[in-house]
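Printed here is coords30.cif (mmCIF, C-alpha atoms and all ligand atoms):
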data_data
#
loop_
_atom_site.label_atom_id
_atom_site.label_comp_id
_atom_site.auth_asym_id
_atom_site.auth_seq_id
_atom_site.Cartn_x
_atom_site.Cartn_y
_atom_site.Cartn_z
CA MET S 184 -16.49 5.69 -18.17
CA LYS S 185 -17.03 6.57 -14.50
CA ASN S 186 -14.96 9.35 -12.94
CA PRO S 187 -11.91 7.65 -11.44
CA PHE S 188 -11.77 7.46 -7.64
CA LEU S 189 -8.01 8.01 -7.64
CA LYS S 190 -6.24 9.46 -10.66
CA ILE S 191 -2.48 9.54 -11.16
CA GLU S 192 -1.70 11.88 -14.03
CA THR S 193 1.71 12.23 -15.74
CA ILE S 194 3.63 12.02 -12.47
CA SER S 195 7.41 12.43 -12.50
CA LYS S 196 9.93 12.44 -9.63
CA THR S 197 13.68 12.84 -9.84
CA PHE S 198 16.27 12.52 -7.07
CA LYS S 199 19.47 14.43 -7.93
CA GLY S 200 19.26 13.40 -11.58
CA LEU S 201 18.00 9.87 -10.88
CA VAL S 202 14.58 9.47 -12.48
CA ALA S 203 12.52 7.50 -9.94
CA LEU S 204 9.20 8.04 -11.77
CA ASP S 205 8.79 9.14 -15.35
CA ASN S 206 5.44 10.40 -16.61
CA VAL S 207 3.36 7.72 -14.90
CA SER S 208 -0.43 7.76 -15.29
CA PHE S 209 -3.18 5.37 -14.27
CA CYS S 210 -6.60 5.39 -12.62
CA VAL S 211 -8.10 3.39 -9.79
CA GLN S 212 -11.83 2.82 -9.44
CA LYS S 213 -13.64 2.61 -6.12
CA ALA S 214 -13.44 -0.87 -4.53
CA GLU S 215 -10.73 -1.94 -6.95
CA ILE S 216 -7.68 -3.91 -5.77
CA LEU S 217 -4.72 -2.73 -7.82
CA GLY S 218 -1.34 -4.45 -7.77
CA ILE S 219 1.86 -2.51 -8.40
CA ILE S 220 4.79 -4.68 -9.36
CA GLY S 221 8.26 -4.22 -10.81
CA PRO S 222 11.93 -4.85 -10.02
CA ASN S 223 13.80 -3.30 -7.09
CA GLY S 224 14.27 0.42 -7.59
CA ALA S 225 11.42 0.63 -10.14
CA GLY S 226 9.78 3.53 -8.27
CA LYS S 227 6.98 1.70 -6.47
CA THR S 228 7.55 3.09 -2.97
CA THR S 229 8.23 6.53 -4.45
CA LEU S 230 4.76 6.36 -6.01
CA PHE S 231 3.20 5.65 -2.59
CA ASN S 232 5.22 8.48 -1.05
CA LEU S 233 3.71 10.84 -3.64
CA ILE S 234 0.12 9.59 -3.20
CA SER S 235 0.35 9.83 0.60
CA GLY S 236 1.99 13.28 0.63
CA PHE S 237 5.37 12.21 2.04
CA SER S 238 6.96 13.56 -1.12
CA VAL S 239 5.85 16.01 -3.81
CA PRO S 240 6.08 15.20 -7.54
CA ASP S 241 8.20 17.38 -9.83
CA LYS S 242 5.43 17.20 -12.38
CA GLY S 243 1.89 15.85 -12.69
CA ASN S 244 -1.23 15.63 -10.58
CA ILE S 245 -2.91 13.28 -8.17
CA THR S 246 -6.67 13.56 -7.82
CA PHE S 247 -8.76 11.77 -5.19
CA GLU S 248 -12.56 11.87 -5.32
CA GLY S 249 -12.28 14.80 -7.73
CA LYS S 250 -9.99 16.82 -5.40
CA ASN S 251 -6.43 17.69 -6.35
CA ILE S 252 -4.30 16.32 -3.51
CA THR S 253 -0.89 16.74 -5.18
CA SER S 254 0.63 19.17 -2.71
CA LEU S 255 -1.24 18.22 0.45
CA LYS S 256 0.61 17.16 3.60
CA PRO S 257 0.46 13.55 4.86
CA HIS S 258 -1.98 14.36 7.71
CA GLN S 259 -4.34 16.12 5.27
CA ILE S 260 -4.28 13.17 2.88
CA SER S 261 -4.81 10.75 5.74
CA LYS S 262 -7.82 12.79 6.85
CA LEU S 263 -9.31 12.49 3.35
CA GLY S 264 -9.21 8.71 3.75
CA ILE S 265 -5.93 7.46 2.28
CA ALA S 266 -3.91 5.28 4.69
CA ARG S 267 -0.59 3.61 4.05
CA THR S 268 1.82 1.08 5.48
CA PHE S 269 5.59 1.50 5.32
CA GLN S 270 7.96 -0.94 3.60
CA ILE S 271 10.34 -0.42 6.53
CA VAL S 272 7.90 -1.04 9.37
CA LYS S 273 7.65 1.82 11.83
CA PRO S 274 5.68 0.77 14.93
CA MET S 275 5.82 2.99 18.02
CA ARG S 276 8.39 0.96 19.91
CA ASN S 277 7.42 2.17 23.38
CA LEU S 278 3.71 1.36 22.91
CA ASN S 279 2.13 -2.06 23.02
CA VAL S 280 0.41 -3.59 20.01
CA LEU S 281 -3.09 -2.49 21.06
CA GLU S 282 -1.93 1.09 21.68
CA ASN S 283 -0.20 1.14 18.29
CA VAL S 284 -3.47 0.23 16.59
CA MET S 285 -5.31 2.78 18.73
CA MET S 286 -3.08 5.42 17.12
CA GLY S 287 -5.08 4.58 14.01
CA SER S 288 -8.56 4.40 15.54
CA LEU S 289 -8.01 7.64 17.48
CA ALA S 290 -7.78 9.39 14.10
CA HIS S 291 -11.58 9.32 13.94
CA SER S 292 -12.71 8.52 17.49
CA PHE S 293 -12.69 11.00 20.36
CA SER S 294 -13.42 8.31 22.93
CA LEU S 295 -10.54 6.18 24.23
CA LYS S 296 -12.99 3.40 25.02
CA GLU S 297 -14.35 3.32 21.47
CA ALA S 298 -10.86 3.54 19.99
CA LYS S 299 -9.80 0.58 22.12
CA ILE S 300 -12.78 -1.55 21.06
CA GLU S 301 -12.14 -0.78 17.41
CA ALA S 302 -8.41 -1.53 17.76
CA LYS S 303 -9.23 -4.89 19.38
CA ASN S 304 -11.62 -5.75 16.55
CA VAL S 305 -9.03 -4.95 13.90
CA LEU S 306 -6.38 -7.03 15.71
CA GLU S 307 -8.85 -9.90 15.89
CA LEU S 308 -9.51 -9.56 12.16
CA LEU S 309 -5.78 -9.72 11.39
CA GLY S 310 -5.17 -12.68 13.67
CA ILE S 311 -2.89 -11.08 16.28
CA PRO S 312 -5.27 -10.43 19.22
CA ASP S 313 -3.23 -12.52 21.69
CA LYS S 314 -0.22 -10.24 21.16
CA SER S 315 -2.10 -7.06 22.00
CA GLN S 316 -0.16 -6.42 25.23
CA PHE S 317 3.28 -7.11 23.69
CA PHE S 318 5.56 -4.21 22.96
CA ALA S 319 5.56 -3.75 19.19
CA GLU S 320 9.34 -4.13 19.00
CA ASN S 321 9.02 -7.70 20.35
CA LEU S 322 6.90 -8.90 17.43
CA THR S 323 8.32 -10.97 14.60
CA LEU S 324 8.69 -9.20 11.23
CA PRO S 325 5.51 -10.81 9.76
CA GLU S 326 3.61 -9.76 12.90
CA LYS S 327 4.98 -6.22 12.61
CA LYS S 328 3.74 -6.17 9.00
CA ARG S 329 0.28 -7.24 10.15
CA LEU S 330 0.42 -4.56 12.83
CA GLU S 331 1.14 -1.99 10.11
CA VAL S 332 -1.94 -3.16 8.23
CA ALA S 333 -4.00 -3.09 11.45
CA ARG S 334 -2.95 0.48 12.30
CA ALA S 335 -3.77 1.67 8.79
CA LEU S 336 -7.11 -0.17 8.72
CA ALA S 337 -8.07 1.27 12.12
CA THR S 338 -8.11 4.75 10.59
CA ARG S 339 -11.15 3.51 8.55
CA PRO S 340 -9.60 4.49 5.23
CA LYS S 341 -11.30 4.68 1.85
CA VAL S 342 -8.01 3.76 0.18
CA LEU S 343 -5.35 1.50 1.67
CA LEU S 344 -1.78 1.60 0.30
CA LEU S 345 0.11 -1.59 1.21
CA ASP S 346 3.87 -1.61 0.63
CA GLU S 347 5.14 -5.20 0.56
CA VAL S 348 3.14 -6.39 3.57
CA MET S 349 3.52 -10.02 2.43
CA ALA S 350 7.34 -9.90 2.44
CA GLY S 351 8.75 -12.53 4.79
CA LEU S 352 5.41 -14.34 5.18
CA ARG S 353 5.16 -18.08 4.60
CA PRO S 354 2.84 -19.22 1.76
CA ASN S 355 0.05 -20.12 4.21
CA GLU S 356 0.42 -16.70 5.90
CA VAL S 357 0.28 -15.01 2.48
CA ASP S 358 -2.94 -16.91 1.73
CA HIS S 359 -4.37 -15.83 5.09
CA MET S 360 -3.57 -12.15 4.48
CA VAL S 361 -5.00 -12.41 0.95
CA SER S 362 -8.27 -13.84 2.25
CA ILE S 363 -8.52 -11.10 4.90
CA LEU S 364 -7.94 -8.34 2.32
CA LYS S 365 -10.38 -9.83 -0.18
CA GLU S 366 -13.03 -10.17 2.51
CA ILE S 367 -12.60 -6.55 3.68
CA ASN S 368 -12.73 -5.39 0.06
CA LYS S 369 -15.91 -7.41 -0.53
CA GLN S 370 -17.62 -6.37 2.71
CA THR S 371 -16.73 -2.67 2.76
CA GLY S 372 -15.71 -1.73 -0.79
CA LEU S 373 -12.28 -0.63 0.47
CA THR S 374 -10.01 0.35 -2.42
CA ILE S 375 -6.57 -1.25 -2.10
CA LEU S 376 -3.28 -0.51 -3.86
CA MET S 377 -0.68 -3.15 -3.10
CA ILE S 378 3.00 -3.14 -3.93
CA GLU S 379 4.09 -6.76 -3.89
CA HIS S 380 6.85 -9.05 -5.06
CA ALA S 381 4.78 -12.03 -3.88
CA MET S 382 3.07 -12.89 -7.18
CA ARG S 383 1.04 -15.55 -5.36
CA ALA S 384 -0.72 -12.71 -3.52
CA VAL S 385 -0.98 -10.35 -6.48
CA MET S 386 -2.52 -13.02 -8.71
CA ALA S 387 -5.01 -14.06 -6.03
CA CYS S 388 -6.07 -10.55 -4.98
CA CYS S 389 -5.79 -7.99 -7.72
CA HIS S 390 -8.35 -6.94 -10.28
CA LYS S 391 -5.70 -5.03 -12.22
CA ILE S 392 -1.90 -4.69 -12.19
CA VAL S 393 0.38 -1.76 -13.05
CA VAL S 394 3.98 -2.66 -13.86
CA LEU S 395 6.82 -0.19 -13.30
CA ASN S 396 10.35 -0.56 -14.62
CA TYR S 397 13.04 2.12 -14.13
CA GLY S 398 10.31 4.61 -13.22
CA GLU S 399 8.21 3.98 -16.32
CA LYS S 400 4.84 2.30 -16.51
CA ILE S 401 5.43 -0.55 -18.96
CA ALA S 402 2.08 -2.30 -18.62
CA GLU S 403 -1.37 -2.06 -17.06
CA ASP S 404 -3.75 -4.99 -17.40
CA THR S 405 -5.54 -7.86 -15.67
CA PRO S 406 -3.36 -10.39 -13.81
CA GLU S 407 -4.06 -13.01 -16.48
CA GLU S 408 -2.85 -10.67 -19.26
CA ILE S 409 0.11 -9.27 -17.30
CA ILE S 410 1.78 -12.66 -16.87
CA GLN S 411 1.69 -13.12 -20.66
CA HIS S 412 3.09 -9.63 -21.38
CA THR S 413 6.43 -9.91 -23.22
CA GLU S 414 8.09 -6.81 -21.76
CA VAL S 415 6.90 -7.65 -18.23
CA ILE S 416 8.35 -11.15 -18.53
CA ARG S 417 11.62 -9.75 -19.90
CA SER S 418 12.05 -7.01 -17.29
CA TYR S 419 10.54 -8.62 -14.19
CA LEU S 420 8.73 -11.95 -14.19
CA GLY S 421 11.59 -13.68 -15.98
CA GLN S 422 13.74 -12.86 -12.95
CA ASP S 423 11.77 -15.41 -10.93
CA PRO S 424 10.02 -13.11 -8.43
CA CYS S 425 8.72 -14.70 -5.24
N1 LIG X 1 14.71 9.95 -0.93
C1 LIG X 1 15.45 9.47 -1.94
N2 LIG X 1 16.62 10.04 -2.26
C2 LIG X 1 17.37 9.58 -3.29
N3 LIG X 1 17.01 8.54 -4.07
C3 LIG X 1 15.85 7.93 -3.80
C4 LIG X 1 15.01 8.35 -2.72
N4 LIG X 1 13.90 7.56 -2.69
C5 LIG X 1 14.06 6.69 -3.69
N5 LIG X 1 15.21 6.89 -4.35
C6 LIG X 1 15.69 6.15 -5.53
O1 LIG X 1 14.63 6.09 -6.46
C7 LIG X 1 14.57 4.82 -7.09
C8 LIG X 1 13.20 4.23 -6.83
O2 LIG X 1 13.14 3.85 -5.45
P1 LIG X 1 11.88 3.15 -4.81
O3 LIG X 1 12.16 3.01 -3.36
O4 LIG X 1 10.66 3.89 -5.20
O5 LIG X 1 11.89 1.71 -5.53
P2 LIG X 1 10.97 0.46 -5.28
O6 LIG X 1 10.35 0.10 -6.59
O7 LIG X 1 10.08 0.67 -4.13
O8 LIG X 1 12.06 -0.69 -4.95
P3 LIG X 1 11.99 -1.93 -3.94
O9 LIG X 1 11.24 -3.03 -4.66
O10 LIG X 1 13.43 -2.30 -3.72
O11 LIG X 1 11.32 -1.50 -2.67
C9 LIG X 1 15.72 4.00 -6.53
O12 LIG X 1 16.82 4.11 -7.43
C10 LIG X 1 16.03 4.68 -5.21
O13 LIG X 1 17.37 4.51 -4.85
MG MG X 2 9.88 -0.15 -2.28
#
Translate this structure into structure tokens?
Ligand SMILES: Nc1ncnc2c1ncn2[C@@H]1O[C@H](COP(=O)(O)OP(=O)(O)OP(=O)(O)O)[C@@H](O)[C@H]1O
Ligand SMILES: [Mg+2]
Amino acid sequence: MKNPFLKIETISKTFKGLVALDNVSFCVQKAEILGIIGPNGAGKTTLFNLISGFSVPDKGNITFEGKNITSLKPHQISKLGIARTFQIVKPMRNLNVLENVMMGSLAHSFSLKEAKIEAKNVLELLGIPDKSQFFAENLTLPEKKRLEVARALATRPKVLLLDEVMAGLRPNEVDHMVSILKEINKQTGLTILMIEHAMRAVMACCHKIVVLNYGEKIAEDTPEEIIQHTEVIRSYLGQDPC
């Protein structure tokens, strides 16, 4: 077995007695696309907050490329190559779309000109180049979600954490985003962790799925196996996710 690229080891997080994550462990290999699914409140976003340094676990360790990153700050983790999007989109409202994406590309480029070219390329890739001069706050929600992905991608991450970026997208828009992510993964070997309720996207994209329920990992398997899993059907899929 290869050394895991990203290792989540017996992670727990409690908020004033509420157990958001309970002893969760799993590994992610380089270039893998991992889906994280589960009902509302299962602990999915909390898990991303821990991986990206926005919150610190009560217990357990997170290792990335052999380095313990458990207590690092968000900017340190970002510098190591882990980028994230936010479930509640947070564009810089007073900057236009291009400038928002440049916030990402400037993380590795010292030249404004280069950062601008890279930001334009990423916007092109995500299909929102014609909105580059719009103020971010004037975008529709699906466009804001794509902008989140663009800003994160522009940092040239090794790992991309996507928190419900398909929410609110129409089926054809979901398919478009899926094809973009699969292509980037194929071309560059980018490792992707995606929290999604849109099973259409998870089934089309993911090599493996981790299922959380009330903070516990109840299953980890291929998409084909997960949809047959009795406890997953009982606790989540039976609730008709979409
Ligand atoms: N900062 C916080 N303070 C208090 N409770 C929190 C905090 N963050 C999360 N929680 C609680 O922890 C639990 C897990 O929340 P989390 O946001 O991780 O769920 P989720 O799986 O992302 O849900 P959703 O699918 O609705 O986005 C919930 O009960 C939530 O209310
Ligand atoms: Mg969430």
> Quick one: distance from atom CA of S:Arg276 to atom CA of S:Pro325 in Å, one decimal?
Replying inline: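 Interatomic distance here is 15.8 Å.
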> Do you know which residues are within 8 Å of ligand MG 2 (chain X) using only C-alpha atoms and all ligand atoms? Can you write them as number ranges by chain?
Replying inline: S: 223-224, 226-229, 270, 346-347, 378
>> With all atoms listed in the file as the counted atoms, please give the residues lying no more than 8 Å from S:Gln316, apart from itself and same-chain residues fewer than 3 positions off, as a PyMOL selection string.
In response: chain S and resi 279-281+313
Using only C-alpha atoms, find each residue of stretch 269-387 of chain S with at least one atom at most 9 Å away from an atom of stretch 406-413 of chain S; report its shortest atom-to-atom pair and that distance in Å (one decimal), sort the rows by chain and rising residue number, and return the result as a Markdown table.
| residue | atom | partner | partner_atom | distance |
| --- | --- | --- | --- | --- |
| S:Val385 | CA | S:Pro406 | CA | 7.7 |
| S:Met386 | CA | S:Pro406 | CA | 5.8 |
| S:Ala387 | CA | S:Pro406 | CA | 8.8 |
> Which protein, DNA or RNA residues have an atom within 10 Å of ligand LIG 1 (chain X), counting all atoms listed in the file, as an MDAnalysis selection string?
Replying inline: chainID S and resid 196:204 219:233 238 270:271 346:347 378:380 395:398
>> Neighbouring residues of stretch 208-212 of chain S were defined as those with any atom within 12 Å, considering only C-alpha atoms; residues of the same chain fewer than 2 positions away were excluded. Please report them as a VMD selection string.
In response: chain S and resid 184 to 195 204 to 206 214 to 219 230 242 to 248 341 to 343 372 to 377 389 to 395 398 to 404
>> Please list as JSON, numbers by chain every residue within 12 Å of S:Lys299, counting all atoms listed in the file and excluding residues in the same chain fewer than 4 positions away.
In response: {"S": [280, 281, 282, 283, 284, 285, 286, 287, 288, 289, 292, 293, 294, 295, 303, 304, 305, 306, 315, 334, 337]}
> Can you list, as JSON, numbers by chain, every protein, DNA or RNA residue that comes within 8 Å of S:Arg329 when you count all atoms listed in the file, leaving out same-chain residues fewer than 5 positions away?
Replying inline: {"S": [309, 311, 348]}
> Quick one: distance from atom CA of S:Leu336 to atom CA of S:Met349 in Å, one decimal?
Replying inline: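 Separation of atom CA of S:Leu336 and atom CA of S:Met349: 15.8 Å.
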>> Report, in Å with one decimal, the straight-line distance from atom CA of S:Gly236 to atom CA of S:Lys256.
In response: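 Separation between atom CA of S:Gly236 and atom CA of S:Lys256: 5.1 Å.
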> For S:Phe318, which residue out of S:Ala302, S:Leu345, S:Ala381, S:Leu330 is the nearest one, using all atoms listed in the file?
Replying inline: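 Answer, going by the shortest atom-to-atom distance: S:Leu330.
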Size and centre in Å, one decimal, axis-aligned box, all listed stretch 187-190 of chain S atoms plus 4 Å per side, as JSON:
{"center_x": -9.1, "center_y": 8.5, "center_z": -9.5, "size_x": 13.7, "size_y": 10.0, "size_z": 11.8}
> For S:Ile260, which residue among S:Val239, S:Ala335, S:Ile234, S:Val415 is the nearest when counting all atoms listed in the file?
Replying inline: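 Checking each of S:Val239, S:Ala335, S:Ile234, S:Val415 against S:Ile260, counting all atoms listed in the file, the winner is S:Ile234.
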> Using only C-alpha atoms, which of the listed residues (S:Lys327, S:Lys213, S:Arg267, S:Arg383) sits closest to S:Pro354?
Replying inline: S:Arg383
>> Could you check the closest approach to S:Leu322 for each of S:Val272, S:Ala350, S:Leu344, S:Ile300 and tell me which residue wins, using all atoms listed in the file?
In response: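 Among the listed residues, S:Val272 lies closest to S:Leu322.
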